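As provided, upload-v8.txt (compact mmCIF, C-alpha atoms) reads as follows.
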```txt
# COMPACT_ATOMS: atom_id res chain seq x y z
CA MET A 22 38.18 -14.75 -20.70
CA GLU A 23 35.30 -12.74 -19.34
CA ILE A 24 35.36 -13.22 -15.59
CA ASP A 25 32.96 -10.37 -14.81
CA ILE A 26 29.96 -12.55 -15.59
CA VAL A 27 30.94 -14.89 -12.74
CA PHE A 28 30.93 -12.02 -10.24
CA GLN A 29 27.67 -10.70 -11.67
CA ILE A 30 25.99 -14.10 -11.28
CA ALA A 31 27.40 -14.44 -7.75
CA ALA A 32 26.10 -10.99 -6.76
CA ALA A 33 22.70 -11.72 -8.28
CA GLY A 34 22.54 -15.04 -6.44
CA ILE A 35 23.36 -13.45 -3.07
CA LEU A 36 20.82 -10.66 -3.58
CA ILE A 37 18.09 -13.08 -4.64
CA ALA A 38 18.81 -15.27 -1.60
CA VAL A 39 18.53 -12.27 0.74
CA LEU A 40 15.35 -11.03 -1.01
CA ASN A 41 13.89 -14.52 -0.68
CA GLN A 42 14.62 -14.59 3.07
CA VAL A 43 13.19 -11.08 3.64
CA LEU A 44 9.96 -12.02 1.84
CA VAL A 45 9.61 -15.42 3.54
CA ARG A 46 10.08 -13.87 7.01
CA ALA A 47 7.43 -11.26 6.14
CA GLY A 48 5.02 -14.09 5.34
CA ARG A 49 5.02 -13.50 1.60
CA GLU A 50 6.04 -16.98 0.42
CA GLU A 51 4.45 -16.65 -3.02
CA GLN A 52 6.23 -13.37 -3.74
CA ALA A 53 9.48 -14.96 -2.52
CA MET A 54 9.05 -17.84 -4.97
CA MET A 55 8.25 -15.43 -7.82
CA THR A 56 11.33 -13.34 -7.00
CA THR A 57 13.53 -16.46 -7.01
CA LEU A 58 12.08 -17.57 -10.34
CA ALA A 59 12.57 -14.10 -11.82
CA GLY A 60 16.18 -14.08 -10.66
CA LEU A 61 16.70 -17.52 -12.15
CA VAL A 62 15.29 -16.34 -15.50
CA VAL A 63 17.59 -13.30 -15.48
CA VAL A 64 20.70 -15.40 -14.75
CA LEU A 65 19.72 -18.00 -17.37
CA TYR A 66 19.33 -15.17 -19.86
CA TRP A 67 22.91 -14.10 -19.13
CA VAL A 68 24.25 -17.65 -19.32
CA VAL A 69 22.38 -18.94 -22.41
CA GLN A 70 24.64 -17.10 -24.86
CA TYR A 71 27.74 -18.72 -23.30
CA ILE A 72 26.10 -22.15 -23.44
CA SER A 73 25.26 -21.56 -27.09
CA ARG A 74 28.88 -20.60 -27.75
CA LEU A 75 30.03 -23.75 -25.92
CA PHE A 76 27.86 -25.99 -28.13
CA ASP A 77 29.11 -24.23 -31.27
CA THR A 78 32.72 -24.74 -30.14
CA VAL A 79 32.10 -28.41 -29.38
CA GLN A 80 30.45 -28.86 -32.80
CA THR A 81 33.36 -27.19 -34.58
CA LEU A 82 35.96 -29.08 -32.57
CA PHE A 83 34.52 -32.53 -33.21
CA HIS A 84 33.31 -31.76 -36.74
CA LEU A 85 29.75 -32.68 -35.81
CA MET B 4 33.59 6.07 -13.36
CA ALA B 5 32.25 9.05 -11.39
CA CYS B 6 29.12 9.00 -13.55
CA LYS B 7 28.62 5.31 -12.81
CA VAL B 8 28.95 5.93 -9.07
CA LEU B 9 26.52 8.87 -9.28
CA GLY B 10 24.04 6.79 -11.29
CA ALA B 11 24.33 3.90 -8.85
CA THR B 12 23.70 6.25 -5.91
CA LEU B 13 20.67 7.74 -7.62
CA VAL B 14 19.25 4.27 -8.41
CA LEU B 15 19.73 3.15 -4.80
CA LEU B 16 18.19 6.34 -3.39
CA GLY B 17 15.28 6.10 -5.80
CA SER B 18 14.56 2.47 -4.98
CA TYR B 19 14.85 3.18 -1.22
CA GLY B 20 12.41 6.07 -1.66
CA LEU B 21 10.03 3.77 -3.54
CA GLY B 22 10.21 1.28 -0.68
CA LEU B 23 9.52 4.06 1.82
CA SER B 24 6.51 5.29 -0.16
CA PHE B 25 5.00 1.79 -0.16
CA ALA B 26 5.60 1.59 3.59
CA GLY B 27 4.02 5.02 3.97
CA LEU B 28 0.71 3.80 2.50
CA GLY B 29 0.16 1.57 5.51
CA VAL B 30 1.11 4.34 7.93
CA ARG B 31 -1.30 6.76 6.18
CA ARG B 32 -4.13 4.23 6.34
CA ALA B 33 -3.56 3.76 10.08
CA ALA B 34 -3.59 7.55 10.62
CA GLU B 35 -6.78 7.96 8.58
CA LEU B 36 -8.48 5.12 10.47
CA ALA B 37 -7.52 6.78 13.77
CA GLY B 38 -8.97 10.08 12.50
CA LEU B 39 -12.20 8.36 11.46
CA ILE B 40 -12.51 6.67 14.88
CA ARG B 41 -12.26 10.08 16.58
CA GLY B 42 -14.62 11.59 14.02
CA PHE B 43 -17.32 8.97 14.43
CA THR B 44 -16.97 9.04 18.23
CA LEU B 45 -17.55 12.81 18.17
CA TRP B 46 -20.38 12.39 15.68
CA ALA B 47 -22.13 9.80 17.87
CA GLY B 48 -21.72 12.02 20.93
CA GLU B 49 -23.13 15.11 19.21
CA ALA B 50 -25.95 13.15 17.56
CA GLY B 51 -26.88 11.67 20.96
CA LEU B 52 -27.29 15.16 22.44
CA GLY B 53 -29.61 16.07 19.56
CA SER B 54 -29.07 19.82 19.96
CA ILE B 55 -27.46 20.43 16.53
CA PRO B 56 -28.85 19.39 13.12
CA LEU B 57 -26.96 16.89 10.98
CA PRO B 58 -25.07 19.43 8.79
CA GLY B 59 -23.89 21.23 11.92
CA ILE B 60 -22.66 17.99 13.51
CA CYS B 61 -20.72 17.05 10.34
CA MET B 62 -19.23 20.57 10.14
CA GLU B 63 -18.16 20.54 13.78
CA VAL B 64 -16.60 17.06 13.49
CA GLY B 65 -14.88 17.98 10.21
CA GLU B 66 -13.30 21.08 11.72
CA ARG B 67 -11.94 19.19 14.72
CA ILE B 68 -10.46 16.22 12.85
CA PRO B 69 -7.39 16.69 10.61
CA GLY B 70 -6.67 14.87 7.37
CA SER B 71 -9.00 13.11 4.97
CA ALA B 72 -11.31 11.99 7.82
CA GLY B 73 -12.09 15.63 8.58
CA GLU B 74 -12.35 16.42 4.87
CA LEU B 75 -15.03 13.73 4.48
CA PHE B 76 -17.22 15.23 7.20
CA LEU B 77 -16.62 18.79 5.94
CA ALA B 78 -17.47 17.81 2.35
CA ALA B 79 -20.69 16.17 3.56
CA ALA B 80 -21.58 19.24 5.68
CA ARG B 81 -21.00 21.65 2.77
CA LYS B 82 -23.07 19.55 0.37
CA MET B 83 -25.89 19.33 2.95
CA GLU B 84 -25.87 23.12 3.32
CA GLU B 85 -25.93 23.56 -0.47
CA GLY B 86 -28.99 21.29 -0.62
CA CYS B 87 -28.14 20.15 -4.14
CA MET B 88 -29.08 16.49 -3.61
CA ASP B 89 -32.22 14.68 -2.52
CA SER B 90 -31.03 12.56 0.39
CA ALA B 91 -28.33 12.56 3.06
CA GLN B 92 -27.23 9.17 1.73
CA GLU B 93 -26.51 10.65 -1.72
CA ILE B 94 -24.65 13.55 -0.11
CA TRP B 95 -22.52 11.16 1.98
CA SER B 96 -21.74 9.07 -1.14
CA ALA B 97 -20.78 12.21 -3.07
CA ALA B 98 -18.55 13.36 -0.20
CA MET B 99 -16.88 9.93 -0.16
CA ALA B 100 -16.30 10.09 -3.92
CA GLN B 101 -14.70 13.52 -3.47
CA VAL B 102 -12.27 12.36 -0.75
CA MET B 103 -11.55 8.82 -2.01
CA PRO B 104 -8.85 9.64 -4.62
CA LYS B 105 -6.63 11.34 -2.00
CA SER B 106 -7.17 8.71 0.67
CA ALA B 107 -5.14 5.63 1.63
CA LEU B 108 -8.23 3.74 2.84
CA ARG B 109 -9.11 0.39 1.29
CA LYS B 110 -12.24 -0.76 -0.53
CA GLU B 111 -13.60 -2.54 2.56
CA ASP B 112 -13.16 0.67 4.63
CA TRP B 113 -15.17 2.65 2.09
CA GLN B 114 -17.83 -0.07 2.05
CA MET B 115 -18.21 0.29 5.84
CA LEU B 116 -18.45 4.09 5.51
CA SER B 117 -20.99 3.63 2.74
CA ALA B 118 -23.07 1.39 5.05
CA PHE B 119 -23.06 4.20 7.62
CA GLY B 120 -24.17 6.67 4.94
CA ARG B 121 -27.22 4.53 4.13
CA THR B 122 -28.65 5.22 7.60
CA LEU B 123 -28.13 9.00 7.44
CA GLY B 124 -31.32 11.01 7.38
CA PHE B 125 -33.29 7.81 6.74
CA SER B 126 -33.51 5.82 9.95
CA GLN B 127 -34.17 7.03 13.51
CA LYS B 128 -31.53 8.83 15.55
CA GLU B 129 -30.88 5.77 17.75
CA GLN B 130 -30.32 3.55 14.70
CA GLN B 131 -27.92 6.08 13.19
CA ILE B 132 -25.98 6.22 16.46
CA ALA B 133 -25.94 2.41 16.63
CA GLN B 134 -24.62 2.26 13.07
CA ALA B 135 -21.97 4.85 13.98
CA GLU B 136 -20.91 2.70 16.95
CA LEU B 137 -20.75 -0.37 14.71
CA THR B 138 -18.57 1.62 12.30
CA ILE B 139 -16.32 2.65 15.21
CA GLN B 140 -15.93 -1.00 16.21
CA TYR B 141 -14.95 -2.00 12.67
CA LEU B 142 -12.53 0.96 12.41
CA LYS B 143 -10.88 0.06 15.74
CA GLU B 144 -10.36 -3.52 14.59
CA ALA B 145 -9.02 -2.38 11.22
CA TYR B 146 -6.69 0.10 12.97
CA ALA B 147 -5.31 -2.59 15.30
CA ASN B 148 -4.72 -4.96 12.36
CA GLN B 149 -3.07 -2.23 10.31
CA GLU B 150 -0.72 -1.24 13.16
CA GLU B 151 0.28 -4.89 13.55
CA LYS B 152 0.87 -5.18 9.79
CA ASN B 153 2.85 -1.91 9.72
CA LYS B 154 5.38 -3.25 12.26
CA LYS B 155 6.40 -5.97 9.78
CA ASP B 156 5.76 -4.15 6.50
CA ILE B 157 7.80 -1.00 7.15
CA ARG B 158 11.02 -2.98 7.65
CA MET B 159 10.15 -5.29 4.75
CA TYR B 160 9.51 -2.48 2.24
CA ARG B 161 12.67 -0.61 3.24
CA ALA B 162 14.74 -3.78 2.78
CA LEU B 163 12.97 -4.58 -0.50
CA GLY B 164 13.67 -1.08 -1.76
CA VAL B 165 17.40 -1.28 -1.09
CA LEU B 166 17.75 -4.87 -2.33
CA GLY B 167 15.71 -4.17 -5.43
CA GLY B 168 17.92 -1.20 -6.21
CA MET B 169 21.04 -3.31 -5.76
CA MET B 170 19.55 -5.97 -8.07
CA VAL B 171 18.92 -3.30 -10.72
CA LEU B 172 22.56 -2.20 -10.38
CA VAL B 173 23.81 -5.78 -10.81
CA VAL B 174 21.62 -6.28 -13.89
CA LEU B 175 22.50 -2.96 -15.52
CA PHE B 176 26.18 -2.64 -14.69
```

Once more with this new file: its structure as structure tokens, please.
Amino acid sequence: MEIDIVFQIAAAGILIAVLNQVLVRAGREEQAMMTTLAGLVVVLYWVVQYISRLFDTVQTLFHL
Amino acid sequence: MACKVLGATLVLLGSYGLGLSFAGLGVRRAAELAGLIRGFTLWAGEAGLGSIPLPGICMEVGERIPGSAGELFLAAARKMEEGCMDSAQEIWSAAMAQVMPKSALRKEDWQMLSAFGRTLGFSQKEQQIAQAELTIQYLKEAYANQEEKNKKDIRMYRALGVLGGMMVLVVLF
């Protein structure tokens, strides 16, 4: 099982949280929100293939 | 593995340098505004004495002020001595266009300098000096605001540079 993706998502989450805080404290709330959204899109991009595989597995398992 | 570490180091250094260069823009603008304040103060003083013609005043100010502020006055003085344009206003605009690409000043700063240029060689000496003093006031305010902004922005851009580089590493590796 690929465990690296979990660490990658964790690292990305921590970095995005810190980036968000740095930008909010500098008074750039809009840029902070855009950075958070961009990070979310990146992580979803990583995760979507695993979700797709999960649905395929469920379909195969239950003969749906 | 060694290549990965080297690549990661280069990415981090590059992103930190990018952050520093963005922070440097604000510092450059503050330095140029300070130079322009000194330049216009000297200009107003020399113009008030009335002993030197306009090209001479611009040349003297340009030689005493370093950076793009001095270059602006020197460019204007040289164009006035060449006599290739009709009015001092056109010469000032041409000098601004020559210096603008290398400068860190903003659009509103150039608009204020352009407003000063419109009085050159056109209105009376007292009006030109008054316009110079108005320009000095604007420049002082802009300088104070920029210094205040720099205190926050320098730390922010450095942090953004490092964090952005780390994000690139997480995405790529």

Worksheet item: Which of these residues is nearest to Val64 (chain A), using all atoms listed in the file: A:Ile24, A:Val79, A:Ala47, A:Ala32?
Response: A:Ala32

Hey, which bits of chain A sit within 9 Å of chain B, and for each residue what's the closest pair of atoms and how far apart in Å (one decimal), counting all atoms listed in the file, rows by chain and increasing number, as a Markdown table?
```
| residue | atom | partner | partner_atom | distance |
| --- | --- | --- | --- | --- |
| A:Gln29 | CA | B:Val173 | CA | 6.3 |
| A:Ile30 | CA | B:Val173 | CA | 8.6 |
| A:Ala32 | CA | B:Val173 | CA | 7.0 |
| A:Ala33 | CA | B:Val173 | CA | 6.6 |
| A:Leu36 | CA | B:Met170 | CA | 6.6 |
| A:Ile37 | CA | B:Met170 | CA | 8.0 |
| A:Val39 | CA | B:Leu166 | CA | 8.0 |
| A:Leu40 | CA | B:Leu166 | CA | 6.7 |
| A:Val43 | CA | B:Met159 | CA | 6.6 |
| A:Leu44 | CA | B:Met159 | CA | 7.3 |
| A:Arg46 | CA | B:Met159 | CA | 8.9 |
| A:Ala47 | CA | B:Lys155 | CA | 6.5 |
| A:Val63 | CA | B:Val174 | CA | 8.2 |
```

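Our summary of the geometry notes that CA of Ala98 (chain B) is positioned 25.9 Å from CA of Ala147 (chain B).
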
Item to complete: Show which residues sit within 7 Å of region 117-127 of chain B, as a VMD selection string. Count all atoms listed in the file, and ignore same-chain residues fewer than 3 positions away.
Response: chain B and resid 91 to 92 95 to 96 113 to 114 130 to 131 134 to 135 138

Discussion item. Can you tell me which residues surround Gly59 (chain B) at a distance of at most 10 Å, considering only C-alpha atoms, apart from same-chain residues fewer than 4 positions away, and format the answer as a list in words?
Written reply: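 Skipping anything fewer than 4 positions along the chain leaves Glu49, Ser54, Ile55, Glu63, Val64, Gly65, Leu77, Ala80, Arg81, Met83 and Glu84 of chain B.
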
Please report, as AutoDock Vina command-line options, the centre and edge lengths in Å to one decimal of an axis-aligned box covering all listed atoms of region 20-31 of chain B with 3 Å per side.
```
--center_x 5.6 --center_y 4.0 --center_z 2.2 --size_x 19.7 --size_y 11.5 --size_z 17.5
```

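Between Ala72 (chain B) and the candidates B:Val14, B:Ala107, B:Ala5, B:Leu28, the tightest atom-to-atom separation, counting only C-alpha atoms, involves B:Ala107.
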
Practice prompt. Calculate how many Å separate CA of Gly53 (chain B) from CA of Ile40 (chain B), rounding to one decimal.
Written response: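 Computing it gives 20.1 Å between the two atoms.
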
Discussion item. Tell me which residues come within 8 Å of (-8.3, 14.1, 0.3), as a list in words, counting only C-alpha atoms in the file's coordinates.
Written reply: Gly70, Ser71, Glu74, Leu75, Gln101, Val102, Met103, Pro104, Lys105 and Ser106 of chain B

C-alpha atoms of the current selection, written as a CSV table (one decimal), keeping the file's coordinate frame:
```csv
chain,number,residue,atom,x,y,z
B,70,GLY,CA,-6.7,14.9,7.4
B,71,SER,CA,-9.0,13.1,5.0
B,74,GLU,CA,-12.4,16.4,4.9
B,75,LEU,CA,-15.0,13.7,4.5
B,101,GLN,CA,-14.7,13.5,-3.5
B,102,VAL,CA,-12.3,12.4,-0.8
B,103,MET,CA,-11.6,8.8,-2.0
B,104,PRO,CA,-8.8,9.6,-4.6
B,105,LYS,CA,-6.6,11.3,-2.0
B,106,SER,CA,-7.2,8.7,0.7
```

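Atom pair CA of Gly86 (chain B) / CA of Met62 (chain B) has a distance of 14.5 Å (rounded to one decimal).
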
Residue completion, region 62-73 of chain A, all heavy atoms, as an mmCIF file, in the coordinates of the input:
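Below you can see rebuild_26.cif, which holds the result:
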```cif
data_model
loop_
_atom_site.group_PDB
_atom_site.id
_atom_site.type_symbol
_atom_site.label_atom_id
_atom_site.label_comp_id
_atom_site.auth_asym_id
_atom_site.auth_seq_id
_atom_site.Cartn_x
_atom_site.Cartn_y
_atom_site.Cartn_z
ATOM 1 N N VAL A 62 15.495 -16.656 -14.067
ATOM 2 C CA VAL A 62 15.290 -16.340 -15.500
ATOM 3 C C VAL A 62 16.341 -15.329 -15.963
ATOM 4 O O VAL A 62 16.931 -15.476 -17.043
ATOM 5 C CB VAL A 62 13.852 -15.798 -15.720
ATOM 6 C CG1 VAL A 62 13.716 -15.144 -17.075
ATOM 7 C CG2 VAL A 62 12.847 -16.928 -15.578
ATOM 8 N N VAL A 63 16.595 -14.331 -15.128
ATOM 9 C CA VAL A 63 17.590 -13.300 -15.480
ATOM 10 C C VAL A 63 18.976 -13.931 -15.647
ATOM 11 O O VAL A 63 19.682 -13.679 -16.632
ATOM 12 C CB VAL A 63 17.604 -12.179 -14.414
ATOM 13 C CG1 VAL A 63 18.817 -11.287 -14.594
ATOM 14 C CG2 VAL A 63 16.338 -11.357 -14.483
ATOM 15 N N VAL A 64 19.355 -14.779 -14.695
ATOM 16 C CA VAL A 64 20.700 -15.400 -14.750
ATOM 17 C C VAL A 64 20.786 -16.353 -15.944
ATOM 18 O O VAL A 64 21.813 -16.384 -16.639
ATOM 19 C CB VAL A 64 21.005 -16.127 -13.422
ATOM 20 C CG1 VAL A 64 22.248 -16.964 -13.548
ATOM 21 C CG2 VAL A 64 21.158 -15.118 -12.298
ATOM 22 N N LEU A 65 19.729 -17.096 -16.197
ATOM 23 C CA LEU A 65 19.720 -18.000 -17.370
ATOM 24 C C LEU A 65 19.847 -17.197 -18.659
ATOM 25 O O LEU A 65 20.529 -17.636 -19.607
ATOM 26 C CB LEU A 65 18.446 -18.830 -17.391
ATOM 27 C CG LEU A 65 18.439 -20.064 -16.504
ATOM 28 C CD1 LEU A 65 17.075 -20.734 -16.536
ATOM 29 C CD2 LEU A 65 19.510 -21.069 -16.926
ATOM 30 N N TYR A 66 19.222 -16.043 -18.689
ATOM 31 C CA TYR A 66 19.330 -15.170 -19.860
ATOM 32 C C TYR A 66 20.782 -14.753 -20.102
ATOM 33 O O TYR A 66 21.251 -14.694 -21.238
ATOM 34 C CB TYR A 66 18.438 -13.944 -19.656
ATOM 35 C CG TYR A 66 18.549 -12.897 -20.732
ATOM 36 C CD1 TYR A 66 17.979 -13.093 -21.987
ATOM 37 C CD2 TYR A 66 19.236 -11.712 -20.500
ATOM 38 C CE1 TYR A 66 18.095 -12.137 -22.974
ATOM 39 C CE2 TYR A 66 19.354 -10.755 -21.491
ATOM 40 C CZ TYR A 66 18.783 -10.963 -22.720
ATOM 41 O OH TYR A 66 18.909 -10.018 -23.706
ATOM 42 N N TRP A 67 21.490 -14.469 -18.989
ATOM 43 C CA TRP A 67 22.910 -14.100 -19.130
ATOM 44 C C TRP A 67 23.735 -15.287 -19.618
ATOM 45 O O TRP A 67 24.663 -15.130 -20.409
ATOM 46 C CB TRP A 67 23.487 -13.651 -17.782
ATOM 47 C CG TRP A 67 22.984 -12.365 -17.264
ATOM 48 C CD1 TRP A 67 22.393 -11.357 -17.974
ATOM 49 C CD2 TRP A 67 23.010 -11.935 -15.922
ATOM 50 N NE1 TRP A 67 22.057 -10.330 -17.148
ATOM 51 C CE2 TRP A 67 22.426 -10.647 -15.870
ATOM 52 C CE3 TRP A 67 23.477 -12.491 -14.713
ATOM 53 C CZ2 TRP A 67 22.284 -9.924 -14.689
ATOM 54 C CZ3 TRP A 67 23.351 -11.763 -13.551
ATOM 55 C CH2 TRP A 67 22.760 -10.492 -13.545
ATOM 56 N N VAL A 68 23.404 -16.459 -19.106
ATOM 57 C CA VAL A 68 24.250 -17.650 -19.320
ATOM 58 C C VAL A 68 23.989 -18.320 -20.657
ATOM 59 O O VAL A 68 24.903 -18.940 -21.214
ATOM 60 C CB VAL A 68 24.023 -18.639 -18.126
ATOM 61 C CG1 VAL A 68 24.531 -20.023 -18.436
ATOM 62 C CG2 VAL A 68 24.679 -18.095 -16.868
ATOM 63 N N VAL A 69 22.779 -18.171 -21.205
ATOM 64 C CA VAL A 69 22.380 -18.940 -22.410
ATOM 65 C C VAL A 69 23.295 -18.657 -23.602
ATOM 66 O O VAL A 69 23.599 -19.570 -24.381
ATOM 67 C CB VAL A 69 20.882 -18.700 -22.729
ATOM 68 C CG1 VAL A 69 20.648 -17.333 -23.356
ATOM 69 C CG2 VAL A 69 20.336 -19.797 -23.605
ATOM 70 N N GLN A 70 23.765 -17.423 -23.719
ATOM 71 C CA GLN A 70 24.640 -17.100 -24.860
ATOM 72 C C GLN A 70 25.988 -17.832 -24.728
ATOM 73 O O GLN A 70 26.569 -18.256 -25.739
ATOM 74 C CB GLN A 70 24.845 -15.599 -24.971
ATOM 75 C CG GLN A 70 25.293 -14.909 -23.710
ATOM 76 C CD GLN A 70 25.215 -13.395 -23.865
ATOM 77 O OE1 GLN A 70 25.383 -12.883 -24.959
ATOM 78 N NE2 GLN A 70 24.978 -12.689 -22.782
ATOM 79 N N TYR A 71 26.473 -17.990 -23.493
ATOM 80 C CA TYR A 71 27.740 -18.720 -23.300
ATOM 81 C C TYR A 71 27.538 -20.212 -23.560
ATOM 82 O O TYR A 71 28.430 -20.875 -24.126
ATOM 83 C CB TYR A 71 28.262 -18.512 -21.868
ATOM 84 C CG TYR A 71 28.692 -17.099 -21.600
ATOM 85 C CD1 TYR A 71 27.856 -16.197 -20.934
ATOM 86 C CD2 TYR A 71 29.930 -16.639 -22.025
ATOM 87 C CE1 TYR A 71 28.247 -14.885 -20.713
ATOM 88 C CE2 TYR A 71 30.333 -15.332 -21.802
ATOM 89 C CZ TYR A 71 29.478 -14.472 -21.147
ATOM 90 O OH TYR A 71 29.857 -13.178 -20.917
ATOM 91 N N ILE A 72 26.396 -20.743 -23.183
ATOM 92 C CA ILE A 72 26.100 -22.150 -23.440
ATOM 93 C C ILE A 72 26.008 -22.393 -24.946
ATOM 94 O O ILE A 72 26.539 -23.383 -25.475
ATOM 95 C CB ILE A 72 24.789 -22.576 -22.721
ATOM 96 C CG1 ILE A 72 24.977 -22.517 -21.207
ATOM 97 C CG2 ILE A 72 24.367 -23.971 -23.138
ATOM 98 C CD1 ILE A 72 23.714 -22.729 -20.413
ATOM 99 N N SER A 73 25.365 -21.438 -25.626
ATOM 100 C CA SER A 73 25.260 -21.560 -27.090
ATOM 101 C C SER A 73 26.646 -21.554 -27.729
ATOM 102 O O SER A 73 26.942 -22.353 -28.639
ATOM 103 C CB SER A 73 24.417 -20.375 -27.596
ATOM 104 O OG SER A 73 24.500 -20.282 -28.981
#
```
